[in-house]
file entry-v6.txt (compact mmCIF, C-alpha atoms (C1' of nucleotides))
# COMPACT_ATOMS: atom_id res chain seq x y z
CA MET A 1 16.22 -75.59 0.17
CA GLU A 2 17.40 -73.74 -2.87
CA GLU A 3 20.70 -73.00 -1.22
CA PHE A 4 21.87 -76.52 -1.97
CA LYS A 5 21.43 -76.34 -5.68
CA LEU A 6 24.78 -76.51 -7.43
CA PHE A 7 25.43 -76.17 -11.13
CA GLU A 8 27.75 -78.58 -12.84
CA ALA A 9 30.92 -76.50 -12.59
CA GLU A 10 30.10 -75.61 -9.01
CA TYR A 11 29.59 -79.23 -8.15
CA LYS A 12 32.91 -80.34 -9.58
CA PHE A 13 34.56 -77.53 -7.70
CA MET A 14 32.90 -78.48 -4.42
CA GLU A 15 33.96 -82.08 -4.85
CA ILE A 16 37.54 -80.90 -4.78
CA ILE A 17 36.91 -78.85 -1.68
CA TRP A 18 35.11 -81.63 0.16
CA GLU A 19 38.06 -83.82 -0.57
CA LEU A 20 40.81 -81.43 0.43
CA GLU A 21 39.38 -78.97 2.93
CA PRO A 22 40.59 -77.02 4.71
CA ILE A 23 42.63 -75.83 1.78
CA ASN A 24 44.68 -72.74 1.15
CA SER A 25 43.21 -70.64 -1.65
CA THR A 26 46.39 -70.43 -3.70
CA GLU A 27 46.80 -74.17 -3.38
CA LEU A 28 43.18 -74.50 -4.53
CA THR A 29 43.83 -72.49 -7.67
CA LYS A 30 46.61 -74.94 -8.47
CA VAL A 31 44.47 -78.00 -7.91
CA CYS A 32 41.66 -76.52 -10.00
CA PHE A 33 44.09 -75.81 -12.78
CA GLU A 34 45.31 -79.38 -12.74
CA LYS A 35 41.97 -81.12 -12.35
CA LEU A 36 39.63 -78.74 -14.14
CA GLY A 37 41.91 -76.65 -16.32
CA TRP A 38 40.77 -73.45 -14.66
CA LYS A 39 42.73 -70.20 -14.57
CA LYS A 40 43.37 -68.58 -11.21
CA SER A 41 40.70 -65.94 -11.68
CA THR A 42 38.10 -68.56 -12.47
CA THR A 43 38.75 -70.27 -9.19
CA TYR A 44 38.53 -67.02 -7.26
CA THR A 45 35.32 -66.11 -9.04
CA MET A 46 33.90 -69.44 -7.99
CA ILE A 47 35.06 -68.99 -4.41
CA ARG A 48 33.40 -65.59 -4.21
CA LYS A 49 30.11 -66.74 -5.70
CA LEU A 50 29.80 -69.76 -3.47
CA ALA A 51 30.84 -67.78 -0.42
CA GLY A 52 28.07 -65.29 -1.20
CA ARG A 53 25.57 -68.12 -1.16
CA GLY A 54 26.84 -69.56 2.08
CA ILE A 55 28.17 -72.71 0.44
CA LEU A 56 31.71 -72.16 1.63
CA LYS A 57 33.86 -69.56 3.29
CA ASN A 58 37.27 -68.15 2.60
CA GLU A 59 39.02 -66.72 5.63
CA ASN A 60 42.70 -65.90 5.89
CA ALA A 61 43.21 -67.62 2.57
CA THR A 62 41.72 -70.83 3.90
CA VAL A 63 38.70 -72.28 2.16
CA VAL A 64 36.28 -74.57 3.93
CA ALA A 65 32.86 -75.89 2.98
CA LEU A 66 29.88 -74.70 4.97
CA ILE A 67 27.54 -77.38 3.75
CA LYS A 68 28.14 -81.06 3.80
CA ARG A 69 28.35 -83.23 0.79
CA GLU A 70 25.57 -85.36 2.23
CA GLU A 71 23.22 -82.38 2.33
CA VAL A 72 23.77 -81.74 -1.34
CA GLN A 73 23.38 -85.40 -2.16
CA LYS A 74 20.11 -85.50 -0.27
CA HIS A 75 18.90 -82.38 -2.03
CA ASP A 76 19.76 -83.76 -5.45
CA SER A 77 17.98 -87.01 -4.70
CA GLU A 78 14.87 -85.23 -3.61
CA VAL A 79 14.85 -83.00 -6.66
CA LEU A 80 15.10 -86.01 -8.96
CA LEU A 81 12.45 -87.95 -7.11
CA LYS A 82 10.04 -85.04 -7.10
CA ARG A 83 10.62 -83.91 -10.64
CA THR A 84 10.79 -87.23 -12.33
CA PHE A 85 9.13 -89.81 -10.14
CA ASN A 86 6.26 -88.06 -8.47
CA ASN A 87 8.25 -88.35 -5.26
CA SER A 88 7.78 -92.10 -5.20
CA LEU A 89 10.69 -94.30 -4.25
CA PRO A 90 9.06 -97.43 -5.75
CA ILE A 91 8.56 -95.70 -9.08
CA PHE A 92 12.18 -94.59 -9.01
CA LEU A 93 13.39 -98.07 -8.27
CA ALA A 94 11.25 -99.57 -11.00
CA ALA A 95 12.93 -97.28 -13.51
CA PHE A 96 16.41 -97.64 -12.12
CA LEU A 97 16.42 -101.38 -11.64
CA GLN A 98 14.95 -102.18 -14.98
CA ASP A 99 17.29 -104.70 -16.59
CA LYS A 100 19.79 -104.36 -13.72
CA LYS A 101 20.88 -107.04 -11.37
CA LEU A 102 21.88 -106.60 -7.77
CA SER A 103 24.29 -108.78 -5.91
CA ARG A 104 22.96 -110.72 -2.94
CA GLN A 105 24.99 -108.52 -0.67
CA GLU A 106 23.65 -105.26 -2.08
CA ALA A 107 20.14 -106.60 -1.81
CA GLU A 108 20.56 -107.44 1.85
CA GLU A 109 22.12 -104.10 2.57
CA ILE A 110 19.26 -102.29 0.92
CA LYS A 111 16.57 -104.32 2.60
CA LYS A 112 18.13 -103.57 5.93
CA MET A 113 18.10 -99.86 5.19
CA ILE A 114 14.48 -100.02 4.12
CA GLU A 115 13.58 -101.85 7.28
CA GLU A 116 15.28 -99.24 9.40
CA ALA A 117 13.46 -96.42 7.68
CA THR A 118 10.07 -97.98 8.26
CA LYS A 119 7.94 -96.66 11.08
CA MET N 1 22.92 -92.76 -24.14
CA GLU N 2 23.29 -89.06 -24.66
CA GLU N 3 20.17 -89.02 -26.76
CA PHE N 4 18.04 -89.16 -23.65
CA LYS N 5 19.44 -86.08 -22.06
CA LEU N 6 16.78 -83.40 -21.85
CA PHE N 7 17.23 -79.84 -20.62
CA GLU N 8 14.69 -78.38 -18.26
CA ALA N 9 12.53 -76.70 -20.86
CA GLU N 10 12.70 -79.75 -23.06
CA TYR N 11 11.65 -81.94 -20.21
CA LYS N 12 8.61 -79.86 -19.33
CA PHE N 13 7.66 -79.89 -22.97
CA MET N 14 8.02 -83.66 -23.26
CA GLU N 15 5.86 -84.16 -20.21
CA ILE N 16 3.03 -82.47 -22.04
CA ILE N 17 3.58 -84.65 -25.06
CA TRP N 18 3.76 -87.88 -23.09
CA GLU N 19 0.48 -86.92 -21.50
CA LEU N 20 -1.37 -85.92 -24.63
CA GLU N 21 0.18 -87.72 -27.56
CA PRO N 22 -0.66 -88.12 -30.32
CA ILE N 23 -1.36 -84.43 -30.47
CA ASN N 24 -1.93 -82.05 -33.34
CA SER N 25 0.84 -79.45 -33.58
CA THR N 26 -1.44 -76.43 -33.57
CA GLU N 27 -3.22 -77.83 -30.56
CA LEU N 28 0.18 -78.34 -28.96
CA THR N 29 1.09 -74.68 -29.42
CA LYS N 30 -2.09 -73.81 -27.53
CA VAL N 31 -1.39 -76.16 -24.67
CA CYS N 32 2.18 -74.91 -24.40
CA PHE N 33 0.93 -71.37 -24.29
CA GLU N 34 -1.46 -72.20 -21.48
CA LYS N 35 0.84 -74.39 -19.43
CA LEU N 36 4.25 -72.89 -20.16
CA GLY N 37 3.46 -69.42 -21.49
CA TRP N 38 5.25 -70.17 -24.76
CA LYS N 39 4.61 -68.39 -28.03
CA LYS N 40 3.78 -70.46 -31.06
CA SER N 41 7.22 -70.15 -32.60
CA THR N 42 8.84 -71.32 -29.40
CA THR N 43 6.84 -74.50 -29.53
CA TYR N 44 7.72 -75.11 -33.17
CA THR N 45 11.39 -74.46 -32.45
CA MET N 46 11.22 -77.04 -29.72
CA ILE N 47 9.45 -79.54 -31.96
CA ARG N 48 12.10 -79.15 -34.62
CA LYS N 49 15.02 -79.49 -32.24
CA LEU N 50 13.68 -82.58 -30.56
CA ALA N 51 12.69 -84.12 -33.86
CA GLY N 52 16.25 -83.62 -35.07
CA ARG N 53 17.50 -85.55 -32.09
CA GLY N 54 15.03 -88.38 -32.58
CA ILE N 55 13.13 -87.58 -29.40
CA LEU N 56 9.83 -87.09 -31.20
CA LYS N 57 8.41 -86.82 -34.66
CA ASN N 58 6.01 -84.45 -36.31
CA GLU N 59 4.20 -85.93 -39.30
CA ASN N 60 1.13 -84.50 -40.94
CA ALA N 61 0.90 -82.03 -38.10
CA THR N 62 0.74 -84.83 -35.59
CA VAL N 63 3.36 -84.98 -32.88
CA VAL N 64 4.29 -88.20 -31.15
CA ALA N 65 7.13 -89.13 -28.83
CA LEU N 66 9.76 -91.53 -30.09
CA ILE N 67 11.23 -92.28 -26.70
CA LYS N 68 9.36 -93.40 -23.68
CA ARG N 69 9.13 -91.50 -20.49
CA GLU N 70 10.54 -94.51 -18.69
CA GLU N 71 13.68 -94.41 -20.79
CA VAL N 72 14.33 -90.82 -19.81
CA GLN N 73 13.55 -91.55 -16.19
CA LYS N 74 16.01 -94.40 -16.24
CA HIS N 75 18.66 -92.23 -17.87
CA ASP N 76 18.19 -89.45 -15.33
CA SER N 77 18.44 -91.88 -12.46
CA GLU N 78 21.63 -93.35 -13.79
CA VAL N 79 23.17 -89.93 -14.30
CA LEU N 80 22.42 -88.93 -10.75
CA LEU N 81 23.63 -92.18 -9.27
CA LYS N 82 26.86 -92.04 -11.24
CA ARG N 83 27.58 -88.39 -10.68
CA THR N 84 26.60 -88.11 -7.08
CA PHE N 85 26.62 -91.54 -5.51
CA ASN N 86 29.45 -93.38 -7.10
CA ASN N 87 26.83 -95.49 -8.84
CA SER N 88 25.85 -97.12 -5.58
CA LEU N 89 22.21 -97.68 -4.80
CA PRO N 90 22.86 -98.15 -1.07
CA ILE N 91 24.70 -94.84 -0.87
CA PHE N 92 21.86 -93.17 -2.69
CA LEU N 93 19.31 -94.65 -0.34
CA ALA N 94 21.30 -93.64 2.69
CA ALA N 95 21.18 -90.04 1.54
CA PHE N 96 17.59 -90.10 0.42
CA LEU N 97 16.14 -91.91 3.40
CA GLN N 98 17.95 -89.87 5.97
CA ASP N 99 15.30 -88.58 8.37
CA LYS N 100 12.51 -90.02 6.18
CA LYS N 101 10.00 -92.63 7.14
CA LEU N 102 8.44 -95.19 4.86
CA SER N 103 5.05 -96.73 5.32
CA ARG N 104 4.90 -100.45 5.90
CA GLN N 105 3.31 -100.88 2.51
CA GLU N 106 6.02 -98.93 0.69
CA ALA N 107 8.66 -100.91 2.48
CA GLU N 108 7.16 -104.21 1.42
CA GLU N 109 6.78 -103.04 -2.15
CA ILE N 110 10.40 -101.97 -2.27
CA LYS N 111 11.75 -105.13 -0.73
CA LYS N 112 9.84 -107.15 -3.27
CA MET N 113 11.38 -105.14 -6.09
CA ILE N 114 14.83 -105.58 -4.64
CA GLU N 115 14.29 -109.29 -4.34
CA GLU N 116 13.21 -109.53 -7.96
CA ALA N 117 16.26 -107.65 -9.15
CA THR N 118 18.65 -109.96 -7.32
CA LYS N 119 20.42 -112.66 -9.25
C1' DA Z 1 -10.71 -63.39 -55.22
C1' DA Z 2 -10.03 -61.93 -50.78
C1' DG Z 3 -9.31 -62.96 -46.27
C1' DC Z 4 -8.42 -66.24 -42.67
C1' DT Z 5 -6.33 -69.96 -40.45
C1' DA Z 6 -3.13 -73.86 -40.14
C1' DA Z 7 1.40 -75.22 -40.19
C1' DG Z 8 5.36 -74.28 -40.31
C1' DT Z 9 10.79 -71.92 -41.10
C1' DT Z 10 14.34 -68.30 -40.78
C1' DT Z 11 16.55 -65.50 -38.17
C1' DA Z 12 17.20 -62.85 -33.96
C1' DT Z 13 17.36 -61.70 -29.13
C1' DT Z 14 17.88 -62.71 -24.38
C1' DG Z 15 19.60 -64.66 -20.20
C1' DC Z 16 22.81 -66.79 -17.72
C1' DG Z 17 26.38 -70.18 -16.43
C1' DA Z 18 31.25 -70.75 -17.35
C1' DT Z 19 35.57 -68.79 -17.91
C1' DA Z 20 39.16 -65.52 -17.76
C1' DA Z 21 42.04 -61.12 -18.82
C1' DA Z 22 43.71 -57.35 -16.56
C1' DC Z 23 44.48 -54.97 -12.66
C1' DC Z 24 45.44 -54.18 -7.59
C1' DT Z 25 47.46 -54.58 -2.88
C1' DT Z 26 50.15 -56.86 0.52
C1' DT Z 27 53.61 -59.94 1.96
C1' DT Z 28 57.78 -62.48 1.21
C1' DT Z 29 62.17 -63.29 -0.91
C1' DT Z 30 66.49 -62.02 -2.87
C1' DA P 1 64.99 -51.58 -2.28
C1' DA P 2 63.71 -54.33 -5.99
C1' DA P 3 61.55 -58.23 -7.51
C1' DA P 4 58.53 -61.86 -7.05
C1' DA P 5 54.82 -64.28 -5.21
C1' DA P 6 50.39 -64.48 -2.60
C1' DG P 7 45.82 -63.27 -2.48
C1' DG P 8 42.68 -61.37 -4.24
C1' DT P 9 38.67 -57.95 -7.22
C1' DT P 10 36.67 -55.73 -11.36
C1' DT P 11 35.07 -56.22 -15.43
C1' DA P 12 34.51 -58.76 -19.76
C1' DT P 13 33.83 -62.38 -23.04
C1' DC P 14 31.89 -66.69 -24.66
C1' DG P 15 28.75 -70.43 -25.43
C1' DC P 16 24.57 -72.08 -25.48
C1' DA P 17 19.74 -72.93 -23.78
C1' DA P 18 15.49 -70.47 -23.96
C1' DT P 19 12.40 -67.66 -26.28
C1' DA P 20 10.22 -65.33 -29.95
C1' DA P 21 9.38 -61.84 -33.92
C1' DA P 22 8.70 -61.86 -38.55
C1' DC P 23 7.97 -64.10 -42.61
C1' DT P 24 6.18 -67.99 -45.74
C1' DT P 25 3.09 -71.09 -47.99
C1' DA P 26 -0.88 -73.80 -48.68
C1' DG P 27 -5.42 -74.86 -47.88
C1' DC P 28 -10.11 -73.42 -46.36
C1' DT P 29 -13.90 -70.13 -46.02
C1' DT P 30 -16.89 -66.55 -47.28
call {"tool": "encode", "arguments": {"input": "entry-v6.txt", "output": "structure tokens"}}
result
Amino acid sequence: MEEFKLFEAEYKFMEIIWELEPINSTELTKVCFEKLGWKKSTTYTMIRKLAGRGILKNENATVVALIKREEVQKHDSEVLLKRTFNNSLPIFLAAFLQDKKLSRQEAEEIKKMIEEATK
Amino acid sequence: MEEFKLFEAEYKFMEIIWELEPINSTELTKVCFEKLGWKKSTTYTMIRKLAGRGILKNENATVVALIKREEVQKHDSEVLLKRTFNNSLPIFLAAFLQDKKLSRQEAEEIKKMIEEATK
DNA sequence: AAGCTAAGTTTATTGCGATAAACCTTTTTT
DNA sequence: AAAAAAGGTTTATCGCAATAAACTTAGCTT
């Protein structure tokens, strides 16, 4: 559970990795400098911390993610729903949709997903 | 926009206020001590900070919220959707519903809401 | 009038996420 | 063989949210 919690900087970093993995660690320091403005040591610090938590691994200078983006997304959704909406999808939607309009296509897509998730 | 962003401690604090408002400030220090373990000065510090940001007001020792819980809920939802799901409700639902089952009643409720939010 | 309580403010301290300087070792290039 | 680049680690620093100690002032109570 808790293993999927990422702080802001960690999340931005992982987004880069999910996009580019597998990626050489030196190459990664360059990308992080360009996209995040990080110094080399900052990137390596991040690699080490996330490796220690099983979020990614760095072997032979090659960095790969050990958890999927979808797992983190799911975790984040659940945290928000639990913390803020008493774990209720209808309550969430009421808040989120307030004053928003969906296209016909989005609506159909969503209804289909709801239908599929119904026992 | 940014005015609705609450940090964790602030959020827990506001939950108490939304539940009990209007509430006398001394009474509030007692509740915060019981529920959050905060000392009196911590509660007053929090009151002052949030008052400065227009989140609540404290007049004649009576504290009331100036923003509604629903506004914060909406803000938090939008932040998550933007940050994590490319602002797409279907993508969010795909992640959240994965391996979850909805009751028939929930499903109907949700579909109705979707329908109402469709242009 | 002396003490107590309510209702705060001023000013620190703490904890931790974010960031990086400085240093080290090994491999590659010239 | 000297220099440079790759691939790191050790150890700090910084910023800021979280928390609170200590002090103040005014009203109420005995």
call {"tool": "interface_residues", "arguments": {"input": "entry-v6.txt", "of": "chain P", "to": "chain N", "cutoff": "9 Å", "atoms": "only C-alpha atoms (C1' of nucleotides)", "output": "PyMOL selection string"}}
result
chain P and resi 17-21
call {"tool": "atom_distance", "arguments": {"input": "entry-v6.txt", "atom1": "C1' of DT9 in chain P", "atom2": "CA of Val64 in chain A"}}
result
20.2 Å
call {"tool": "calpha_fit_and_write", "arguments": {"input": "entry-v6.txt", "fixed": "chain A", "moving": "chain N", "output": "PDB file with C-alpha atoms, keeping the file's coordinate frame"}}
result
ATOM      1  CA  MET N   1      16.264 -75.620   0.218  1.00  0.00           C
ATOM      2  CA  GLU N   2      17.411 -73.702  -2.799  1.00  0.00           C
ATOM      3  CA  GLU N   3      20.712 -73.012  -1.134  1.00  0.00           C
ATOM      4  CA  PHE N   4      21.883 -76.506  -1.941  1.00  0.00           C
ATOM      5  CA  LYS N   5      21.398 -76.252  -5.639  1.00  0.00           C
ATOM      6  CA  LEU N   6      24.738 -76.427  -7.405  1.00  0.00           C
ATOM      7  CA  PHE N   7      25.367 -76.034 -11.125  1.00  0.00           C
ATOM      8  CA  GLU N   8      27.666 -78.453 -12.861  1.00  0.00           C
ATOM      9  CA  ALA N   9      30.818 -76.393 -12.597  1.00  0.00           C
ATOM     10  CA  GLU N  10      30.035 -75.544  -9.014  1.00  0.00           C
ATOM     11  CA  TYR N  11      29.535 -79.164  -8.200  1.00  0.00           C
ATOM     12  CA  LYS N  12      32.845 -80.269  -9.670  1.00  0.00           C
ATOM     13  CA  PHE N  13      34.510 -77.496  -7.749  1.00  0.00           C
ATOM     14  CA  MET N  14      32.861 -78.479  -4.471  1.00  0.00           C
ATOM     15  CA  GLU N  15      33.939 -82.062  -4.936  1.00  0.00           C
ATOM     16  CA  ILE N  16      37.526 -80.903  -4.876  1.00  0.00           C
ATOM     17  CA  ILE N  17      36.905 -78.896  -1.751  1.00  0.00           C
ATOM     18  CA  TRP N  18      35.110 -81.692   0.068  1.00  0.00           C
ATOM     19  CA  GLU N  19      38.065 -83.898  -0.713  1.00  0.00           C
ATOM     20  CA  LEU N  20      40.805 -81.516   0.304  1.00  0.00           C
ATOM     21  CA  GLU N  21      39.403 -79.088   2.827  1.00  0.00           C
ATOM     22  CA  PRO N  22      40.633 -77.165   4.636  1.00  0.00           C
ATOM     23  CA  ILE N  23      42.658 -75.956   1.709  1.00  0.00           C
ATOM     24  CA  ASN N  24      44.695 -72.835   1.123  1.00  0.00           C
ATOM     25  CA  SER N  25      43.208 -70.687  -1.645  1.00  0.00           C
ATOM     26  CA  THR N  26      46.376 -70.429  -3.700  1.00  0.00           C
ATOM     27  CA  GLU N  27      46.789 -74.166  -3.464  1.00  0.00           C
ATOM     28  CA  LEU N  28      43.174 -74.495  -4.563  1.00  0.00           C
ATOM     29  CA  THR N  29      43.806 -72.447  -7.701  1.00  0.00           C
ATOM     30  CA  LYS N  30      46.570 -74.907  -8.565  1.00  0.00           C
ATOM     31  CA  VAL N  31      44.430 -77.961  -8.031  1.00  0.00           C
ATOM     32  CA  CYS N  32      41.610 -76.450 -10.067  1.00  0.00           C
ATOM     33  CA  PHE N  33      44.017 -75.717 -12.855  1.00  0.00           C
ATOM     34  CA  GLU N  34      45.235 -79.296 -12.872  1.00  0.00           C
ATOM     35  CA  LYS N  35      41.893 -81.017 -12.480  1.00  0.00           C
ATOM     36  CA  LEU N  36      39.534 -78.614 -14.232  1.00  0.00           C
ATOM     37  CA  GLY N  37      41.824 -76.503 -16.407  1.00  0.00           C
ATOM     38  CA  TRP N  38      40.668 -73.316 -14.684  1.00  0.00           C
ATOM     39  CA  LYS N  39      42.637 -70.094 -14.555  1.00  0.00           C
ATOM     40  CA  LYS N  40      43.304 -68.539 -11.195  1.00  0.00           C
ATOM     41  CA  SER N  41      40.661 -65.859 -11.563  1.00  0.00           C
ATOM     42  CA  THR N  42      38.049 -68.445 -12.412  1.00  0.00           C
ATOM     43  CA  THR N  43      38.710 -70.207  -9.158  1.00  0.00           C
ATOM     44  CA  TYR N  44      38.510 -66.981  -7.171  1.00  0.00           C
ATOM     45  CA  THR N  45      35.277 -66.037  -8.922  1.00  0.00           C
ATOM     46  CA  MET N  46      33.866 -69.377  -7.927  1.00  0.00           C
ATOM     47  CA  ILE N  47      35.045 -68.996  -4.340  1.00  0.00           C
ATOM     48  CA  ARG N  48      33.396 -65.610  -4.076  1.00  0.00           C
ATOM     49  CA  LYS N  49      30.102 -66.722  -5.566  1.00  0.00           C
ATOM     50  CA  LEU N  50      29.794 -69.767  -3.375  1.00  0.00           C
ATOM     51  CA  ALA N  51      30.861 -67.847  -0.307  1.00  0.00           C
ATOM     52  CA  GLY N  52      28.106 -65.338  -1.018  1.00  0.00           C
ATOM     53  CA  ARG N  53      25.598 -68.144  -1.028  1.00  0.00           C
ATOM     54  CA  GLY N  54      26.893 -69.640   2.202  1.00  0.00           C
ATOM     55  CA  ILE N  55      28.187 -72.771   0.503  1.00  0.00           C
ATOM     56  CA  LEU N  56      31.749 -72.241   1.688  1.00  0.00           C
ATOM     57  CA  LYS N  57      33.907 -69.684   3.380  1.00  0.00           C
ATOM     58  CA  ASN N  58      37.316 -68.278   2.674  1.00  0.00           C
ATOM     59  CA  GLU N  59      39.075 -66.898   5.741  1.00  0.00           C
ATOM     60  CA  ASN N  60      42.740 -66.083   5.993  1.00  0.00           C
ATOM     61  CA  ALA N  61      43.219 -67.714   2.627  1.00  0.00           C
ATOM     62  CA  THR N  62      41.768 -70.941   3.909  1.00  0.00           C
ATOM     63  CA  VAL N  63      38.740 -72.376   2.176  1.00  0.00           C
ATOM     64  CA  VAL N  64      36.325 -74.690   3.920  1.00  0.00           C
ATOM     65  CA  ALA N  65      32.899 -75.992   2.982  1.00  0.00           C
ATOM     66  CA  LEU N  66      29.926 -74.825   4.997  1.00  0.00           C
ATOM     67  CA  ILE N  67      27.561 -77.477   3.736  1.00  0.00           C
ATOM     68  CA  LYS N  68      28.156 -81.154   3.748  1.00  0.00           C
ATOM     69  CA  ARG N  69      28.347 -83.291   0.709  1.00  0.00           C
ATOM     70  CA  GLU N  70      25.561 -85.416   2.128  1.00  0.00           C
ATOM     71  CA  GLU N  71      23.238 -82.439   2.268  1.00  0.00           C
ATOM     72  CA  VAL N  72      23.754 -81.748  -1.410  1.00  0.00           C
ATOM     73  CA  GLN N  73      23.375 -85.405  -2.264  1.00  0.00           C
ATOM     74  CA  LYS N  74      20.117 -85.502  -0.380  1.00  0.00           C
ATOM     75  CA  HIS N  75      18.893 -82.358  -2.113  1.00  0.00           C
ATOM     76  CA  ASP N  76      19.770 -83.706  -5.550  1.00  0.00           C
ATOM     77  CA  SER N  77      18.004 -86.960  -4.847  1.00  0.00           C
ATOM     78  CA  GLU N  78      14.884 -85.194  -3.728  1.00  0.00           C
ATOM     79  CA  VAL N  79      14.870 -82.963  -6.785  1.00  0.00           C
ATOM     80  CA  LEU N  80      15.117 -85.923  -9.096  1.00  0.00           C
ATOM     81  CA  LEU N  81      12.495 -87.932  -7.277  1.00  0.00           C
ATOM     82  CA  LYS N  82      10.076 -85.020  -7.253  1.00  0.00           C
ATOM     83  CA  ARG N  83      10.646 -83.921 -10.805  1.00  0.00           C
ATOM     84  CA  THR N  84      10.824 -87.268 -12.468  1.00  0.00           C
ATOM     85  CA  PHE N  85       9.189 -89.850 -10.257  1.00  0.00           C
ATOM     86  CA  ASN N  86       6.315 -88.124  -8.617  1.00  0.00           C
ATOM     87  CA  ASN N  87       8.292 -88.340  -5.393  1.00  0.00           C
ATOM     88  CA  SER N  88       7.842 -92.085  -5.264  1.00  0.00           C
ATOM     89  CA  LEU N  89      10.744 -94.275  -4.286  1.00  0.00           C
ATOM     90  CA  PRO N  90       9.146 -97.415  -5.750  1.00  0.00           C
ATOM     91  CA  ILE N  91       8.661 -95.724  -9.110  1.00  0.00           C
ATOM     92  CA  PHE N  92      12.248 -94.584  -9.035  1.00  0.00           C
ATOM     93  CA  LEU N  93      13.474 -98.061  -8.247  1.00  0.00           C
ATOM     94  CA  ALA N  94      11.370 -99.580 -10.973  1.00  0.00           C
ATOM     95  CA  ALA N  95      13.064 -97.334 -13.499  1.00  0.00           C
ATOM     96  CA  PHE N  96      16.532 -97.692 -12.088  1.00  0.00           C
ATOM     97  CA  LEU N  97      16.503-101.432 -11.566  1.00  0.00           C
ATOM     98  CA  GLN N  98      15.044-102.248 -14.920  1.00  0.00           C
ATOM     99  CA  ASP N  99      17.370-104.803 -16.503  1.00  0.00           C
ATOM    100  CA  LYS N 100      19.849-104.451 -13.607  1.00  0.00           C
ATOM    101  CA  LYS N 101      20.935-107.128 -11.221  1.00  0.00           C
ATOM    102  CA  LEU N 102      21.911-106.658  -7.614  1.00  0.00           C
ATOM    103  CA  SER N 103      24.298-108.837  -5.708  1.00  0.00           C
ATOM    104  CA  ARG N 104      22.932-110.734  -2.753  1.00  0.00           C
ATOM    105  CA  GLN N 105      24.969-108.552  -0.453  1.00  0.00           C
ATOM    106  CA  GLU N 106      23.653-105.302  -1.925  1.00  0.00           C
ATOM    107  CA  ALA N 107      20.139-106.601  -1.674  1.00  0.00           C
ATOM    108  CA  GLU N 108      20.514-107.426   1.993  1.00  0.00           C
ATOM    109  CA  GLU N 109      22.091-104.073   2.720  1.00  0.00           C
ATOM    110  CA  ILE N 110      19.247-102.273   1.007  1.00  0.00           C
ATOM    111  CA  LYS N 111      16.518-104.250   2.688  1.00  0.00           C
ATOM    112  CA  LYS N 112      18.068-103.489   6.034  1.00  0.00           C
ATOM    113  CA  MET N 113      18.053 -99.782   5.246  1.00  0.00           C
ATOM    114  CA  ILE N 114      14.453 -99.938   4.144  1.00  0.00           C
ATOM    115  CA  GLU N 115      13.505-101.732   7.311  1.00  0.00           C
ATOM    116  CA  GLU N 116      15.205 -99.099   9.434  1.00  0.00           C
ATOM    117  CA  ALA N 117      13.414 -96.294   7.652  1.00  0.00           C
ATOM    118  CA  THR N 118       9.996 -97.836   8.227  1.00  0.00           C
ATOM    119  CA  LYS N 119       7.838 -96.513  11.009  1.00  0.00           C
TER     120      LYS N 119
END
call {"tool": "residues_around", "arguments": {"input": "entry-v6.txt", "residues": "Phe4 in chain A", "least_positions_apart": "6", "cutoff": "12 Å", "atoms": "only C-alpha atoms (C1' of nucleotides)", "output": "list of chain:residue names"}}
result
A:Glu10, A:Tyr11, A:Met14, A:Leu50, A:Arg53, A:Gly54, A:Ile55, A:Leu56, A:Leu66, A:Ile67, A:Lys68, A:Arg69, A:Glu70, A:Glu71, A:Val72, A:Gln73, A:Lys74, A:His75, A:Asp76, A:Ser77, A:Glu78, A:Val79
call {"tool": "residues_around", "arguments": {"input": "entry-v6.txt", "residues": "range 24-29 of chain P", "least_positions_apart": "4", "cutoff": "10 Å", "atoms": "all atoms listed in the file", "output": "MDAnalysis selection string"}}
result
chainID Z and resid 3:10
call {"tool": "write_last_selection", "arguments": {"input": "entry-v6.txt", "atoms": "C-alpha atoms (C1' of nucleotides)", "output": "compact mmCIF listing (two decimals), keeping the file's coordinate frame"}}
result
# COMPACT_ATOMS: atom_id res chain seq x y z
C1' DG Z 3 -9.31 -62.96 -46.27
C1' DC Z 4 -8.42 -66.24 -42.67
C1' DT Z 5 -6.33 -69.96 -40.45
C1' DA Z 6 -3.13 -73.86 -40.14
C1' DA Z 7 1.40 -75.22 -40.19
C1' DG Z 8 5.36 -74.28 -40.31
C1' DT Z 9 10.79 -71.92 -41.10
C1' DT Z 10 14.34 -68.30 -40.78
call {"tool": "interface_residues", "arguments": {"input": "entry-v6.txt", "of": "chain N", "to": "chain Z", "cutoff": "9 Å", "atoms": "only C-alpha atoms (C1' of nucleotides)", "output": "count of residues only"}}
result
5
call {"tool": "interface_residues", "arguments": {"input": "entry-v6.txt", "of": "chain A", "to": "chain N", "cutoff": "12 Å", "atoms": "only C-alpha atoms", "output": "number ranges by chain"}}
result
A: 6, 8, 11-12, 14-15, 68-119
call {"tool": "atom_distance", "arguments": {"input": "entry-v6.txt", "atom1": "CA of Ile16 in chain A", "atom2": "C1' of DA12 in chain P"}}
result
26.9 Å
call {"tool": "atom_distance", "arguments": {"input": "entry-v6.txt", "atom1": "C1' of DA4 in chain P", "atom2": "CA of Glu27 in chain A"}}
result
17.4 Å
